[in-house]
>>> print(open('target02.txt').read())   # compact mmCIF, C-alpha atoms (C1' of nucleotides)
# COMPACT_ATOMS: atom_id res chain seq x y z
CA MET N 40 -21.11 -56.37 93.32
CA VAL N 41 -19.18 -58.70 91.11
CA LYS N 42 -20.76 -60.86 88.48
CA ALA N 43 -20.39 -64.27 90.04
CA ASP N 44 -21.77 -63.06 93.34
CA CYS N 45 -25.04 -61.73 92.01
CA ARG N 46 -25.68 -64.79 89.89
CA ARG N 47 -24.93 -67.13 92.75
CA ARG N 48 -27.17 -65.27 95.16
CA LEU N 49 -30.03 -65.44 92.67
CA MET N 50 -29.53 -69.19 92.42
CA GLU N 51 -29.55 -69.60 96.22
CA VAL N 52 -32.63 -67.46 96.72
CA GLY N 53 -34.34 -69.11 93.74
CA THR N 54 -33.66 -72.55 95.19
CA ARG N 55 -35.23 -71.67 98.52
CA LEU N 56 -38.23 -69.74 97.22
CA PHE N 57 -39.09 -72.01 94.28
CA ALA N 58 -38.87 -74.99 96.63
CA GLU N 59 -41.14 -73.37 99.18
CA ARG N 60 -43.79 -72.01 96.88
CA GLY N 61 -43.28 -73.40 93.41
CA LEU N 62 -42.54 -71.73 90.09
CA HIS N 63 -45.79 -69.75 90.02
CA GLY N 64 -45.76 -68.86 93.70
CA VAL N 65 -42.80 -66.50 93.52
CA SER N 66 -42.40 -63.27 91.59
CA VAL N 67 -39.25 -61.90 90.05
CA ARG N 68 -39.66 -58.85 92.24
CA GLU N 69 -39.49 -60.98 95.36
CA LEU N 70 -36.61 -63.06 94.04
CA SER N 71 -34.51 -60.03 93.22
CA ARG N 72 -35.38 -58.29 96.47
CA ALA N 73 -34.40 -61.37 98.50
CA ALA N 74 -31.14 -61.63 96.58
CA GLY N 75 -30.37 -57.97 97.14
CA ALA N 76 -30.19 -57.41 93.39
CA SER N 77 -32.26 -55.46 90.94
CA ILE N 78 -35.12 -57.06 89.07
CA SER N 79 -33.37 -56.85 85.73
CA MET N 80 -30.58 -59.18 86.86
CA ILE N 81 -32.82 -62.21 86.40
CA SER N 82 -33.30 -61.47 82.72
CA TYR N 83 -29.65 -60.60 82.41
CA TYR N 84 -28.31 -63.88 83.80
CA PHE N 85 -31.07 -66.36 83.12
CA GLY N 86 -33.18 -64.83 80.36
CA SER N 87 -36.39 -65.07 82.35
CA LYS N 88 -37.90 -66.39 85.57
CA GLU N 89 -38.35 -69.78 83.91
CA GLY N 90 -34.69 -69.72 82.94
CA LEU N 91 -33.72 -69.27 86.59
CA TYR N 92 -36.08 -72.07 87.57
CA SER N 93 -34.56 -74.47 85.06
CA SER N 94 -31.04 -73.63 86.23
CA VAL N 95 -32.07 -74.34 89.81
CA LEU N 96 -33.69 -77.62 88.76
CA GLN N 97 -30.58 -78.70 86.90
CA GLU N 98 -28.41 -77.99 89.92
CA GLN N 99 -30.79 -79.84 92.23
CA PHE N 100 -30.70 -83.01 90.16
CA ALA N 101 -26.97 -82.94 89.52
CA CYS N 102 -26.47 -85.13 92.61
CA PHE N 103 -28.11 -88.01 90.76
CA ASP N 104 -25.09 -88.21 88.49
CA GLN N 105 -23.28 -90.05 91.29
CA ILE N 106 -25.82 -92.86 91.45
CA GLY N 107 -23.43 -95.24 89.71
CA ASP N 108 -21.13 -95.02 92.74
CA ILE N 109 -23.40 -97.20 94.86
CA ARG N 110 -22.65 -100.11 92.55
CA GLN N 111 -19.05 -100.72 93.50
CA GLN N 112 -17.36 -103.69 91.96
CA GLY N 113 -17.45 -106.82 94.03
CA ALA N 114 -20.21 -105.56 96.32
CA SER N 115 -23.04 -108.00 96.97
CA PRO N 116 -26.56 -107.07 95.84
CA LEU N 117 -27.55 -106.68 99.49
CA ALA N 118 -24.68 -104.28 100.14
CA VAL N 119 -25.66 -102.20 97.10
CA LEU N 120 -29.28 -101.93 98.27
CA GLU N 121 -28.12 -100.80 101.69
CA GLY N 122 -25.77 -98.35 99.99
CA TYR N 123 -28.72 -96.95 98.10
CA LEU N 124 -30.58 -96.28 101.34
CA ARG N 125 -27.56 -94.46 102.78
CA TRP N 126 -26.99 -92.50 99.58
CA THR N 127 -30.65 -91.41 99.45
CA ILE N 128 -30.71 -90.32 103.09
CA GLN N 129 -27.50 -88.39 102.51
CA ARG N 130 -29.02 -86.66 99.49
CA HIS N 131 -32.04 -85.51 101.50
CA ARG N 132 -29.93 -84.48 104.48
CA SER N 133 -27.46 -82.42 102.48
CA ASN N 134 -30.20 -80.87 100.36
CA PRO N 135 -33.43 -80.24 102.21
CA TYR N 136 -35.08 -78.77 99.11
CA LEU N 137 -34.54 -81.66 96.72
CA LEU N 138 -37.68 -83.57 97.69
CA ARG N 139 -39.85 -80.53 97.03
CA PHE N 140 -38.64 -80.18 93.45
CA TYR N 141 -38.77 -83.95 93.08
CA THR N 142 -42.42 -84.37 94.07
CA SER N 143 -43.54 -81.05 92.68
CA GLU N 144 -42.23 -82.01 89.25
CA LEU N 145 -43.66 -85.53 89.45
CA THR N 146 -47.15 -84.28 90.22
CA ASN N 147 -47.16 -80.86 88.53
CA PRO N 148 -44.57 -81.30 85.80
CA THR N 149 -43.16 -78.20 84.13
CA ALA N 150 -41.63 -78.04 80.68
CA TYR N 151 -38.34 -79.22 82.19
CA PHE N 152 -39.62 -82.46 83.67
CA ALA N 153 -38.89 -84.62 80.64
CA THR N 154 -35.28 -83.49 80.23
CA LEU N 155 -34.11 -82.67 83.77
CA VAL N 156 -36.19 -84.75 86.17
CA ALA N 157 -37.54 -87.98 84.67
CA PRO N 158 -34.18 -89.32 83.36
CA PRO N 159 -32.32 -89.33 86.70
CA ILE N 160 -35.30 -90.81 88.56
CA GLY N 161 -35.83 -93.51 85.96
CA ASN N 162 -32.13 -94.23 85.98
CA VAL N 163 -32.00 -94.87 89.73
CA ILE N 164 -34.93 -97.30 89.52
CA LYS N 165 -33.33 -99.06 86.58
CA ILE N 166 -30.06 -99.56 88.46
CA LEU N 167 -31.85 -100.85 91.57
CA ALA N 168 -33.96 -103.19 89.43
CA ASP N 169 -30.83 -104.50 87.71
CA VAL N 170 -29.17 -105.25 91.03
CA ILE N 171 -32.30 -107.01 92.31
CA GLU N 172 -32.61 -109.00 89.09
CA GLU N 173 -28.97 -110.08 89.41
CA GLY N 174 -29.51 -111.24 92.97
CA ARG N 175 -32.60 -113.11 91.85
CA GLN N 176 -30.71 -114.95 89.14
CA GLN N 177 -27.99 -115.85 91.62
CA GLY N 178 -30.64 -117.45 93.81
CA GLN N 179 -30.22 -114.91 96.61
CA PHE N 180 -33.65 -113.40 96.12
CA ARG N 181 -36.99 -115.12 95.68
CA PRO N 182 -37.83 -116.22 92.11
CA GLY N 183 -41.27 -114.59 92.30
CA ILE N 184 -39.86 -111.09 92.81
CA ASN N 185 -40.72 -108.44 90.21
CA ALA N 186 -37.46 -106.50 90.11
CA VAL N 187 -38.82 -103.11 89.02
CA ASN N 188 -41.73 -103.12 91.46
CA ALA N 189 -39.39 -104.19 94.24
CA ALA N 190 -37.02 -101.36 93.32
CA LEU N 191 -39.93 -98.92 93.51
CA ALA N 192 -40.86 -100.35 96.90
CA LEU N 193 -37.38 -99.73 98.30
CA ALA N 194 -37.23 -96.23 96.85
CA GLY N 195 -40.73 -95.54 98.13
CA MET N 196 -39.94 -96.61 101.68
CA ILE N 197 -37.05 -94.28 102.13
CA ASN N 198 -38.31 -91.31 100.12
CA TYR N 199 -41.71 -91.37 101.79
CA PHE N 200 -40.08 -91.32 105.20
CA PHE N 201 -38.76 -87.86 104.32
CA LEU N 202 -41.78 -86.80 102.31
CA SER N 203 -44.18 -87.45 105.18
CA THR N 204 -42.11 -85.61 107.76
CA LEU N 205 -44.43 -82.64 108.19
CA ALA N 206 -47.42 -84.88 108.93
CA THR N 207 -45.63 -87.46 111.09
CA GLU N 208 -42.94 -85.66 113.06
CA SER N 209 -44.83 -86.27 116.28
CA LEU N 210 -44.99 -90.02 115.60
CA THR N 211 -41.35 -90.94 115.00
CA ASN N 212 -37.92 -89.45 115.30
CA HIS N 213 -36.78 -87.85 112.04
CA SER N 214 -33.46 -86.58 113.33
CA PRO N 215 -30.19 -87.40 111.52
CA ALA N 216 -29.00 -89.16 114.67
CA GLN N 217 -31.44 -91.97 113.84
CA ASP N 218 -30.39 -92.33 110.20
CA GLU N 219 -28.16 -95.36 110.64
CA GLN N 220 -30.89 -97.15 112.59
CA LEU N 221 -33.34 -96.30 109.83
CA VAL N 222 -31.02 -97.87 107.26
CA GLY N 223 -30.91 -101.03 109.35
CA GLN N 224 -34.67 -101.14 109.86
CA TYR N 225 -35.54 -100.57 106.23
CA ALA N 226 -32.88 -102.93 104.91
CA ALA N 227 -34.26 -105.58 107.27
CA ILE N 228 -37.86 -105.04 106.20
CA PHE N 229 -36.97 -105.08 102.53
CA THR N 230 -34.89 -108.21 102.75
CA GLN N 231 -36.53 -110.25 105.53
CA GLY N 232 -39.94 -108.63 106.02
CA ILE N 233 -41.59 -108.00 109.33
CA ILE N 234 -42.80 -111.53 110.07
CA ALA N 235 -41.14 -113.33 112.96
CA ALA N 236 -38.83 -116.18 112.05
CA PRO N 237 -40.67 -119.49 112.36
CA MET O 36 -78.03 -72.04 85.32
CA VAL O 37 -79.21 -73.14 88.71
CA LYS O 38 -77.22 -72.56 91.86
CA ALA O 39 -76.05 -76.06 92.62
CA ASP O 40 -74.84 -76.60 89.08
CA CYS O 41 -72.55 -73.60 88.92
CA ARG O 42 -71.05 -74.31 92.30
CA ARG O 43 -70.48 -77.95 91.46
CA ARG O 44 -68.85 -77.15 88.13
CA LEU O 45 -66.48 -74.72 89.83
CA MET O 46 -65.50 -77.47 92.28
CA GLU O 47 -64.86 -79.95 89.46
CA VAL O 48 -62.83 -77.54 87.41
CA GLY O 49 -60.99 -76.33 90.50
CA THR O 50 -60.09 -79.89 91.43
CA ARG O 51 -58.60 -80.60 88.03
CA LEU O 52 -56.76 -77.32 87.54
CA PHE O 53 -55.44 -76.89 91.09
CA ALA O 54 -54.21 -80.49 90.94
CA GLU O 55 -52.48 -79.95 87.63
CA ARG O 56 -50.85 -76.61 88.33
CA GLY O 57 -51.18 -75.83 92.01
CA LEU O 58 -52.89 -72.98 93.82
CA HIS O 59 -50.71 -70.28 92.28
CA GLY O 60 -50.64 -71.78 88.81
CA VAL O 61 -54.29 -71.11 88.01
CA SER O 62 -56.13 -67.82 87.75
CA VAL O 63 -59.75 -67.14 88.61
CA ARG O 64 -60.22 -66.07 84.99
CA GLU O 65 -59.23 -69.51 83.77
CA LEU O 66 -61.22 -71.31 86.44
CA SER O 67 -64.42 -69.47 85.64
CA ARG O 68 -63.90 -69.77 81.90
CA ALA O 69 -63.37 -73.54 82.19
CA ALA O 70 -66.47 -73.85 84.36
CA GLY O 71 -68.52 -71.83 81.90
CA ALA O 72 -69.35 -69.30 84.59
CA SER O 73 -68.48 -65.69 85.15
CA ILE O 74 -65.50 -64.67 87.17
CA SER O 75 -67.56 -63.25 90.00
CA MET O 76 -69.09 -66.63 90.81
CA ILE O 77 -65.94 -67.69 92.63
CA SER O 78 -66.21 -64.85 95.09
CA TYR O 79 -69.93 -65.42 95.35
CA TYR O 80 -69.72 -69.11 96.30
CA PHE O 81 -66.32 -69.43 97.93
CA GLY O 82 -65.32 -65.93 98.97
CA SER O 83 -62.06 -66.05 97.05
CA LYS O 84 -59.78 -68.28 95.03
CA GLU O 85 -58.28 -69.59 98.25
CA GLY O 86 -61.77 -70.38 99.50
CA LEU O 87 -62.37 -72.54 96.45
CA TYR O 88 -59.02 -74.22 96.97
CA SER O 89 -59.79 -75.08 100.57
CA SER O 90 -63.19 -76.49 99.61
CA VAL O 91 -61.52 -78.69 97.00
CA LEU O 92 -58.91 -79.81 99.52
CA GLN O 93 -61.56 -80.71 102.07
CA GLU O 94 -63.45 -82.78 99.51
CA GLN O 95 -60.26 -84.54 98.40
CA PHE O 96 -59.36 -85.66 101.90
CA ALA O 97 -62.88 -86.70 102.86
CA CYS O 98 -62.08 -90.24 101.67
CA PHE O 99 -59.69 -90.63 104.60
CA ASP O 100 -62.66 -90.66 106.97
CA GLN O 101 -63.23 -94.29 105.98
CA ILE O 102 -59.79 -95.43 107.11
CA GLY O 103 -61.26 -97.10 110.18
CA ASP O 104 -63.03 -99.57 107.89
CA ILE O 105 -59.84 -101.46 107.09
CA ARG O 106 -59.68 -102.55 110.72
CA GLN O 107 -62.58 -104.95 110.78
CA GLN O 108 -63.14 -106.86 113.94
CA GLY O 109 -61.61 -110.29 113.99
CA ALA O 110 -59.28 -109.60 111.05
CA SER O 111 -55.66 -110.65 111.56
CA PRO O 112 -52.96 -107.95 111.48
CA LEU O 113 -51.76 -109.35 108.17
CA ALA O 114 -55.21 -109.10 106.65
CA VAL O 115 -55.53 -105.50 107.81
CA LEU O 116 -52.19 -104.54 106.24
CA GLU O 117 -53.25 -106.11 102.96
CA GLY O 118 -56.58 -104.30 103.27
CA TYR O 119 -54.68 -101.05 103.64
CA LEU O 120 -52.82 -101.68 100.36
CA ARG O 121 -56.09 -102.36 98.57
CA TRP O 122 -57.80 -99.37 100.12
CA THR O 123 -54.92 -97.06 99.14
CA ILE O 124 -54.83 -98.30 95.55
CA GLN O 125 -58.58 -97.86 95.35
CA ARG O 126 -58.27 -94.30 96.63
CA HIS O 127 -55.70 -93.42 93.95
CA ARG O 128 -57.65 -95.18 91.21
CA SER O 129 -60.96 -93.53 91.99
CA ASN O 130 -59.35 -90.15 92.48
CA PRO O 131 -56.38 -89.52 90.21
CA TYR O 132 -55.86 -86.03 91.65
CA LEU O 133 -55.54 -86.96 95.31
CA LEU O 134 -51.81 -87.66 95.22
CA ARG O 135 -51.10 -84.24 93.73
CA PHE O 136 -52.79 -82.40 96.57
CA TYR O 137 -51.25 -84.85 99.03
CA THR O 138 -47.63 -84.30 98.00
CA SER O 139 -48.07 -80.68 97.08
CA GLU O 140 -49.35 -79.93 100.58
CA LEU O 141 -46.65 -82.02 102.25
CA THR O 142 -43.85 -80.20 100.48
CA ASN O 143 -45.39 -76.76 99.91
CA PRO O 144 -47.95 -76.54 102.69
CA THR O 145 -50.66 -73.91 102.43
CA ALA O 146 -52.58 -72.41 105.33
CA TYR O 147 -54.92 -75.41 105.19
CA PHE O 148 -52.28 -78.10 105.70
CA ALA O 149 -52.54 -78.23 109.49
CA THR O 150 -56.31 -78.59 109.62
CA LEU O 151 -57.22 -80.46 106.43
CA VAL O 152 -54.19 -82.52 105.42
CA ALA O 153 -51.91 -83.47 108.31
CA PRO O 154 -54.59 -85.02 110.57
CA PRO O 155 -55.85 -87.66 108.10
CA ILE O 156 -52.32 -88.62 107.04
CA GLY O 157 -51.11 -88.89 110.62
CA ASN O 158 -54.20 -90.88 111.51
CA VAL O 159 -53.58 -93.50 108.83
CA ILE O 160 -50.00 -94.00 109.99
CA LYS O 161 -51.14 -94.24 113.59
CA ILE O 162 -53.67 -96.95 112.76
CA LEU O 163 -51.13 -98.95 110.75
CA ALA O 164 -48.57 -98.61 113.53
CA ASP O 165 -51.12 -99.80 116.09
CA VAL O 166 -51.91 -102.88 114.01
CA ILE O 167 -48.21 -103.67 113.58
CA GLU O 168 -47.57 -103.16 117.28
CA GLU O 169 -50.40 -105.55 118.10
CA GLY O 170 -49.00 -108.20 115.79
CA ARG O 171 -45.61 -107.70 117.35
CA GLN O 172 -46.94 -108.24 120.85
CA GLN O 173 -48.75 -111.36 119.70
CA GLY O 174 -45.42 -112.71 118.45
CA GLN O 175 -46.46 -112.64 114.81
CA PHE O 176 -43.98 -109.91 113.91
CA ARG O 177 -40.32 -109.61 114.79
CA PRO O 178 -39.57 -108.08 118.21
CA GLY O 179 -37.07 -105.63 116.70
CA ILE O 180 -39.66 -103.94 114.48
CA ASN O 181 -40.25 -100.21 114.99
CA ALA O 182 -44.00 -100.02 114.41
CA VAL O 183 -44.21 -96.42 113.20
CA ASN O 184 -41.24 -96.66 110.84
CA ALA O 185 -42.60 -99.93 109.48
CA ALA O 186 -46.00 -98.30 108.94
CA LEU O 187 -44.27 -95.49 107.04
CA ALA O 188 -42.44 -98.08 104.95
CA LEU O 189 -45.66 -99.79 103.92
CA ALA O 190 -47.37 -96.48 103.14
CA GLY O 191 -44.29 -95.33 101.26
CA MET O 192 -44.11 -98.43 99.07
CA ILE O 193 -47.62 -98.12 97.76
CA ASN O 194 -47.89 -94.34 97.56
CA TYR O 195 -44.55 -93.99 95.78
CA PHE O 196 -45.62 -96.53 93.19
CA PHE O 197 -48.29 -94.05 92.11
CA LEU O 198 -46.21 -90.95 92.76
CA SER O 199 -43.41 -92.10 90.48
CA THR O 200 -45.70 -93.04 87.60
CA LEU O 201 -44.68 -90.21 85.27
CA ALA O 202 -40.99 -91.08 85.55
CA THR O 203 -41.33 -94.87 85.49
CA GLU O 204 -44.25 -95.74 83.23
CA SER O 205 -41.87 -97.26 80.70
CA LEU O 206 -40.33 -99.53 83.35
CA THR O 207 -43.34 -101.29 84.82
CA ASN O 208 -47.04 -101.73 84.17
CA HIS O 209 -49.11 -99.18 86.08
CA SER O 210 -52.48 -100.30 84.71
CA PRO O 211 -55.35 -101.14 87.10
CA ALA O 212 -55.35 -104.67 85.69
CA GLN O 213 -52.12 -105.27 87.63
CA ASP O 214 -53.41 -103.90 90.94
CA GLU O 215 -54.20 -107.21 92.57
CA GLN O 216 -50.75 -108.56 91.65
CA LEU O 217 -49.21 -105.41 93.11
CA VAL O 218 -51.04 -106.00 96.39
CA GLY O 219 -49.63 -109.52 96.48
CA GLN O 220 -46.10 -108.40 95.63
CA TYR O 221 -46.00 -105.59 98.16
CA ALA O 222 -47.66 -107.60 100.92
CA ALA O 223 -45.07 -110.33 100.32
CA ILE O 224 -42.13 -107.91 100.42
CA PHE O 225 -43.40 -106.20 103.54
CA THR O 226 -44.03 -109.42 105.41
CA GLN O 227 -41.39 -111.82 104.08
CA GLY O 228 -38.85 -109.60 102.33
CA ILE O 229 -37.16 -110.37 99.05
CA ILE O 230 -34.58 -112.85 100.29
CA ALA O 231 -35.00 -116.44 99.16
CA ALA O 232 -36.09 -118.91 101.82
CA PRO O 233 -33.06 -120.75 103.21
C1' DG G 45 -78.16 -66.15 90.97
C1' DT G 46 -75.57 -64.60 87.19
C1' DC G 47 -73.78 -61.29 84.36
C1' DT G 48 -70.62 -57.23 82.49
C1' DA G 49 -67.64 -53.66 83.52
C1' DT G 50 -64.20 -51.83 86.15
C1' DA G 51 -61.10 -50.54 90.14
C1' DT G 52 -56.74 -51.59 91.82
C1' DT G 53 -52.77 -53.98 92.35
C1' DG G 54 -48.96 -56.61 90.92
C1' DC G 55 -46.86 -59.17 87.29
C1' DG G 56 -42.68 -60.18 83.79
C1' DA G 57 -39.73 -57.98 80.81
C1' DT G 58 -36.93 -54.28 78.97
C1' DA G 59 -35.00 -49.54 77.68
C1' DG G 60 -31.57 -46.68 78.78
C1' DA G 61 -28.49 -44.20 82.17
C1' DC G 62 -24.24 -44.95 84.48
C1' DG S 103 -22.55 -55.41 85.36
C1' DT S 104 -26.03 -53.08 87.81
C1' DC S 105 -29.37 -49.78 88.42
C1' DT S 106 -34.04 -47.01 87.98
C1' DA S 107 -38.06 -46.20 85.54
C1' DT S 108 -41.62 -47.75 82.89
C1' DC S 109 -44.43 -50.39 79.40
C1' DG S 110 -48.10 -53.47 78.64
C1' DC S 111 -50.65 -56.90 80.48
C1' DA S 112 -53.00 -60.04 83.65
C1' DA S 113 -54.16 -60.73 88.31
C1' DT S 114 -58.07 -60.68 92.19
C1' DA S 115 -61.95 -58.74 93.74
C1' DT S 116 -66.19 -56.05 93.58
C1' DA S 117 -69.95 -52.73 92.12
C1' DG S 118 -74.08 -52.60 90.07
C1' DA S 119 -77.40 -53.97 86.29
C1' DC S 120 -80.75 -57.49 85.39
>>> encode(input="target02.txt", output="structure tokens")
Amino acid sequence: MVKADCRRRLMEVGTRLFAERGLHGVSVRELSRAAGASISMISYYFGSKEGLYSSVLQEQFACFDQIGDIRQQGASPLAVLEGYLRWTIQRHRSNPYLLRFYTSELTNPTAYFATLVAPPIGNVIKILADVIEEGRQQGQFRPGINAVNAALALAGMINYFFLSTLATESLTNHSPAQDEQLVGQYAAIFTQGIIAAP
Amino acid sequence: MVKADCRRRLMEVGTRLFAERGLHGVSVRELSRAAGASISMISYYFGSKEGLYSSVLQEQFACFDQIGDIRQQGASPLAVLEGYLRWTIQRHRSNPYLLRFYTSELTNPTAYFATLVAPPIGNVIKILADVIEEGRQQGQFRPGINAVNAALALAGMINYFFLSTLATESLTNHSPAQDEQLVGQYAAIFTQGIIAAP
DNA sequence: GTCTATATTGCGATAGAC
DNA sequence: GTCTATCGCAATATAGAC
């Protein structure tokens, strides 16, 4: 086998197994077996099991680098918030393991939380809060709004929809076919609320 | 040491350590050492490490049995939704480890997920959705509202506020002194949205 | 009911052949 | 660059003394 192949297969297998059972739930024996490589390849390419884990984590959170894209010039605050919903759904759809690393690190942080995980998450909330604060100052949003808490509310709505899937799949349709409706529903709740117009 | 004491201390230590590092991240050696008991006490009282874990999990989710209380007779749908926010905050405040088991089981389910975790979570969402559906039929809430997705949105807002703490503590005040303001802010967003009144 | 001591298995990491 | 073989250690679980 050639170099790049073995390394890549270890990353793929590591992503799946670490996501499913956490850093401590997988052994290097199992990782190497699943990758069809020998056990020593993990030390060779990543130094240790933790090294492989941190590489996987870094790759998982690389998608957050594109967060700035949702803030296109000239777009209204409302359009940006809707863009955030779409971007977040897309992230979860194209990477079904992201949420596991995300919540696992938030509740059982490893040594890599501070450098690889917290900054991108904090950054997203900061950008959303900025956009909300802008809209507030332009008179589009209510003066009483706390921008950061509102940003957390929007992020919470959409992330929890995916997080809760295993416990609620019998209650609502989680299929990608419904994604655009979900964007509409959640944008409507966040902007107008659920109360009927007077 | 008397029987009840040793068993109780193992439960306390198990709760803290399993929450902090997950089922696979803690050894029976460490558990027994931290509880000031011998290693064989875990087998004696719980059969195995997994037995201790499932006992802890059961105790953690016992607080969900009181969910029915938020639906007091005569209370308006709006009052019930606000009661849910308060009840959820109270749950997280009085048990700082609950959210770790909650998200850890949702993303890395153990054998106990189906019996101990999914039912209470699904039940809460079902009750919220029922209340929203009622309000909708009474004309209080917008006809276009999807009750289950709206229930998930409300649950997501408040749970994510606590979930994201580690990554956002520098951005907003997470102290219990702000809890009642948070209830007001999130109830307002969920019912009226963030858009300024016309 | 609680302990110590131990049986057995599996772990992460590495040495050294090819 | 990849393998096999192995070292040293820690894991869970249990036997048996008290």
>>> residues_around(input="target02.txt", residues="DG54 of chain G", least_positions_apart="4", cutoff="12 Å", atoms="only C-alpha atoms (C1' of nucleotides)", output="ChimeraX atom specification")
/N:65-69 /S:111-114
>>> interface_residues(input="target02.txt", of="chain G", to="chain N", cutoff="10 Å", atoms="only C-alpha atoms (C1' of nucleotides)", output="NGL selection string")
:G and (54-58)
>>> write_last_selection(input="target02.txt", atoms="C-alpha atoms (C1' of nucleotides)", output="mmCIF file, in the frame of the given file")
data_model
loop_
_atom_site.group_PDB
_atom_site.id
_atom_site.type_symbol
_atom_site.label_atom_id
_atom_site.label_comp_id
_atom_site.auth_asym_id
_atom_site.auth_seq_id
_atom_site.Cartn_x
_atom_site.Cartn_y
_atom_site.Cartn_z
ATOM 1 C "C1'" DG G 54 -48.960 -56.610 90.920
ATOM 2 C "C1'" DC G 55 -46.860 -59.170 87.290
ATOM 3 C "C1'" DG G 56 -42.680 -60.180 83.790
ATOM 4 C "C1'" DA G 57 -39.730 -57.980 80.810
ATOM 5 C "C1'" DT G 58 -36.930 -54.280 78.970
#
>>> residues_around(input="target02.txt", residues="DT46 of chain G", least_positions_apart="6", cutoff="12 Å", atoms="all atoms listed in the file", output="list of chain:residue names")
O:Met36, O:Val37, O:Lys38, O:Cys41, O:Arg42, O:Gly71, O:Ala72, O:Ser73, O:Ile74, O:Ser75, O:Met76, O:Ile77, O:Tyr79, O:Tyr80, S:DA119, S:DC120
>>> residues_around(input="target02.txt", residues="DT50 of chain G", least_positions_apart="5", cutoff="12 Å", atoms="only C-alpha atoms (C1' of nucleotides)", output="list in words")
DA115, DT116, DA117 and DG118 of chain S
>>> residues_near_point(input="target02.txt", point="(-27.9, -101.0, 92.5)", cutoff="7 Å", atoms="all atoms listed in the file", output="ChimeraX atom specification")
/N:109-110,119-120,123,166-167,169-170
>>> interface_residues(input="target02.txt", of="chain S", to="chain N", cutoff="9 Å", atoms="only C-alpha atoms (C1' of nucleotides)", output="PyMOL selection string")
chain S and resi 103-105
>>> residues_around(input="target02.txt", residues="segment 195-207 of chain O", least_positions_apart="6", cutoff="8 Å", atoms="all atoms listed in the file", output="NGL selection string")
(:N and (142 or 145-146 or 156-158 or 160-161 or 164-165 or 187-188 or 191-192 or 194-196 or 199)) or (:O and (127 or 134))
>>> residues_around(input="target02.txt", residues="segment 89-104 of chain O", least_positions_apart="3", cutoff="9 Å", atoms="all atoms listed in the file", output="list in words")
Met46, Glu47, Gly49, Thr50, Phe53, Phe81, Lys84, Glu85, Gly86, Gln107, Tyr119, Trp122, Arg126, Asn130, Tyr132, Leu133, Phe136, Tyr137, Tyr147, Leu151, Val152, Pro155, Ile156, Asn158, Val159 and Ile162 of chain O
>>> atom_distance(input="target02.txt", atom1="atom CA of Val48 of chain O", atom2="atom CA of Tyr88 of chain O")
10.8 Å
>>> closest_residue(input="target02.txt", among="N:Ser133, N:Pro237, N:Arg139, N:Glu173", to="Arg60 of chain N", atoms="all atoms listed in the file")
N:Arg139
>>> closest_residue(input="target02.txt", among="N:Arg181, N:Arg47, N:Arg175, N:Arg72", to="chain O", atoms="only C-alpha atoms")
N:Arg181
>>> atom_distance(input="target02.txt", atom1="atom CA of Ile229 of chain O", atom2="atom CA of Gly232 of chain N")
7.7 Å
>>> atom_distance(input="target02.txt", atom1="atom CA of Ile184 of chain N", atom2="atom CA of Ala232 of chain O")
12.5 Å
